[in-house]
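One structure is given below, encoded as structure tokens.
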Amino acid sequence: MTVTASKSHYQSEEFARRLRGRYAAERNFKIAGIAALALASLMLVVLLTSIVSKGYTAFQQAQVRLEVTLDKAQVEERNYTAILRQALYAQFPQITDRTGKRTLNELLSSGAPYELEALVKQNPAIVGTTQTVWVRVDDEVDQFVKGNFSRSAPESERRLNDAKIAAIDAMVAKGTLVQAFNTTLFSAGDSREAEQAGIWGAIVGSMLTLTVTMLLSVPIGVAAAVYLEEFAPKNKWTDLIEVNINNLAAVPSIIFGLLGLAVFLGFFGLPRSAPLVGGLVMALMTLPVIIISARVALKSVPPSIREAALGIGASPLQTVTHHVLPLAMPGILTGTIIGMARALGETAPLLMIGMVAFIVDIPHGLTDSATVLPVQIYMWADSPERAFTERTSAAIMILLGFLILMNGLAVFLRKKFERRW
Amino acid sequence: MQITVLVLILALLTVSGYQMGRSRAAASVGGRLVELHSVPSYHGFYVALWAGLPALFLFALWTASEGWLIMRMVMSALPDRLVAGDPQTLNLLKADILNIAHGISTGRDVDPAVTAAAAHYNSLRAISDWSLLAIGASLAVAGLAYGRQCISPDLRARNRVERVVNIGLVVCSMVAILTTIGIVLSLLFEAMRFFSVVSPIDFLLGTHWSPQMAMRADQVGSSGSFGVIPLFTGTLLITAIAMIVAVPVGLMSAIYMSEYANPNVRTWLKPILEILAGIPTVVYGFFAALTMAPFVRSIGHSIGLDVSSESALSAGIVMGVMIIPFVSSLSDDVINAVPQALRDGSYGLGATKSETIRQVVIPAALPGIVAAIMLAVSRAIGETMIVTMASGLTANLTANPLDAVTTVTTQIATLLVGDQEFDSPKTLSAFGLGLVLFVVTLSLNMVALRVVQKYREKYD
């Protein structure tokens, strides 16, 4: 018998074609996976760059240098506006008509007189002398100096007319109008005027709210986790609590806002817009997160630790407080920080309980009216002025900074104290 | 002020109670500690609990009932001509008294009797605060003395303290249940008030949503209409767009990360998704409104489509991006739960990696993936900030993703922001919407969680 030289089935043309097809499919599938990840990363990059590119300019604010003569009579009348205006006119001796002067008046921020007044209050000795002061300019001038308004547009469509632009150019050329670090952004509360608006009020509000949240949700959450993980008998009742906690973790945050509105404001009559109520609502919201992560941390402590403690005569509670809890602490701490970071970024429930009000003052207590950083972002995002868009982005950058800090801390703690049993 | 003092006194008494209990227990056996039933620190805790707990309960009860009681006393002292009114005027009167008592001007002329009542209120309040301070402090001292009295070598201090701590732990674990009950009751109660004005059938099946109610009966267009169908179609439209973005991207990322990527690449890729998950929703909303919407609009214009500036598409895409990490991490879990033996079997038959994934791993993980998608849908339905900032307010009944639509959560947020009277159907309708939202998301979650749990047990 002669062996025919026919190709085996596996060497046939058809087989090779199929194999090529299968390898191509394999390649395409892998490329699809990479593409999905690339798309997600691209969105992240686009998001961050769009915010940074819009917002980095907000950390600077244009200021004008004025030689003010603090005339005693005018100071007593508290006519700081006139003092500033005279100083400004002095820089433009050629402008004498009313329209020209009005144009100059509009360059200054409406908050500038108060700045000057504060300066005088701080140091009354300067009354009657001539001082060099830097005062903020109007937000539109600021935006123009930053190059956010086009010069080429026809005058009627521009926010600044030719006379203003000429004055600004002259001052920039002389070096009396420069950009400096925007301290107002970090020291002031909200304002209708962009150049006077800051996020300090919102940051303080966020801190107060978060303090209440932490003081309530951490002890209660850890205690609940200890009970469920270490002491609870396995029965219908504890099953119900478990299902409950898992479901609560997935309830939309706005529902917690409705709860706060109906129960804390409606039933208990607590004040609107208060960090106290905001903290209570956030505590209820973060509680499931903390319970779940604390339970995971407790579960990871090996049973041999408990058995050893019980074996030398510790009571169950002593076992938990002396041995299990300290060992689970890093894990609990990590979960807590992540829960707090989520609470810091949460907005929707706080809208329901009135923390969306326009508040100029820096809050001082738990029952003062306050707003928080994300809500401030939400409110500023609604303002049409270019200067507010810029400040919104800056506020977002600061919020993200805080979040990165908190999450970084959580990662650090996890890395440092993580223990494999 | 009195409350701060009371808290300070309580803290002081508790700490000193602990010290006293400890030293007394040690003294009672003359320093031979082995003769004590419990270690001295438990005796300390025992006395501290006696000093702190009764006063704390009193404090809680007092603050809960104080406002209501004082208001009753003030109201009963008012002349009849003021008190004889319907509940609404009475509420207004109470609010006036409170405002004047807190030194807030009501902005209109007030009856001298009301001013007097406010003064009365303030004086009662002061009396109440002082008596709370006195009674609370003496209760704490009495508790301390009693607890100290009880200490003897045979006192089972540890067991008693542990029982109290145990009760405390149980109470803490019930807070979650109480929260759920609170949510359900508050939504039901307010929604009932709403449904007494608007019939539930009209609410659930109506196709027109315009919650504006006239202030006066004779005003034009006085009746608002509350049909939620357009809100639901809007919500579903945006959710569907979000899912079209999030499910393929999230699922493919999860597959790539768990099946293809080597550990080094994983450690670089995972944080990207984690950052996406950690960005607050208000930031996504800002991005959707100020970057995505103009972008979608300009693309639409360039190919000749008329795109609304608050299109469902832009809100949906950004919401999809927000949900990508959610889908991917949940799918990652279920894909990893598929046993390696199934994959090895498939490789042994000569399947390529992608064939194994598509024909073995995904079918095995399918229930878990479906549950993950359900959880993502529930997340998308309940998401508020992105849609509030980037989608419209007009309730359009449309399936066109280029139109502006509104959603359930947007309406809740806009109906309740700002000062409204609490009993107009407009405000109450938000609770009706909240109830529907709660029921929908809860049922999605319940089913999904059950599926995930069942599925996890399958391969254990």
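Ordered as shown in the structure tokens, chains take letters A, B, and onward, while each chain numbers its residues from 1 and ligands are numbered from 1 in the order shown.
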Please identify the alpha helix (DSSP H) residues within segment 159-209 of chain A (assignment by DSSP from backbone atoms) and present them as a PyMOL selection string.
chain A and resi 162-174+184-187+200-209
Residues as selected, C-alpha atoms, written as a PDB file, in the first residue's frame, can you do that?
ATOM      1  CA  ASP A 162     -13.194 100.827  23.130  1.00  0.00           C
ATOM      2  CA  ALA A 163     -12.669 103.500  25.780  1.00  0.00           C
ATOM      3  CA  LYS A 164     -12.344 100.883  28.533  1.00  0.00           C
ATOM      4  CA  ILE A 165      -9.983  98.781  26.489  1.00  0.00           C
ATOM      5  CA  ALA A 166      -7.825 101.830  25.811  1.00  0.00           C
ATOM      6  CA  ALA A 167      -7.718 102.631  29.535  1.00  0.00           C
ATOM      7  CA  ILE A 168      -6.870  99.018  30.418  1.00  0.00           C
ATOM      8  CA  ASP A 169      -4.127  98.875  27.800  1.00  0.00           C
ATOM      9  CA  ALA A 170      -2.654 102.109  29.097  1.00  0.00           C
ATOM     10  CA  MET A 171      -2.623 100.816  32.662  1.00  0.00           C
ATOM     11  CA  VAL A 172      -1.139  97.461  31.664  1.00  0.00           C
ATOM     12  CA  ALA A 173       1.580  99.284  29.715  1.00  0.00           C
ATOM     13  CA  LYS A 174       2.356 101.471  32.715  1.00  0.00           C
ATOM     14  CA  THR A 184     -10.086  86.441  47.810  1.00  0.00           C
ATOM     15  CA  LEU A 185     -10.893  83.057  46.375  1.00  0.00           C
ATOM     16  CA  PHE A 186      -9.534  81.414  49.505  1.00  0.00           C
ATOM     17  CA  SER A 187     -10.724  83.897  52.108  1.00  0.00           C
ATOM     18  CA  TRP A 200     -13.768  79.767  52.072  1.00  0.00           C
ATOM     19  CA  GLY A 201     -17.360  79.849  53.332  1.00  0.00           C
ATOM     20  CA  ALA A 202     -18.126  76.657  51.432  1.00  0.00           C
ATOM     21  CA  ILE A 203     -14.973  74.955  52.674  1.00  0.00           C
ATOM     22  CA  VAL A 204     -15.844  75.807  56.294  1.00  0.00           C
ATOM     23  CA  GLY A 205     -19.405  74.574  55.673  1.00  0.00           C
ATOM     24  CA  SER A 206     -18.039  71.333  54.232  1.00  0.00           C
ATOM     25  CA  MET A 207     -15.761  70.873  57.221  1.00  0.00           C
ATOM     26  CA  LEU A 208     -18.583  71.444  59.714  1.00  0.00           C
ATOM     27  CA  THR A 209     -20.902  69.090  57.842  1.00  0.00           C
TER      28      THR A 209
END
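For chain B, the residues no farther than 6 Å from chain A when using only C-alpha atoms are B:Leu169, B:Cys172, B:Ser173, B:Ile183, B:Ser186, B:Val249, B:Met252, B:Ser253, B:Tyr256, B:Pro280, B:Ser354, B:Gly382, B:Leu416.
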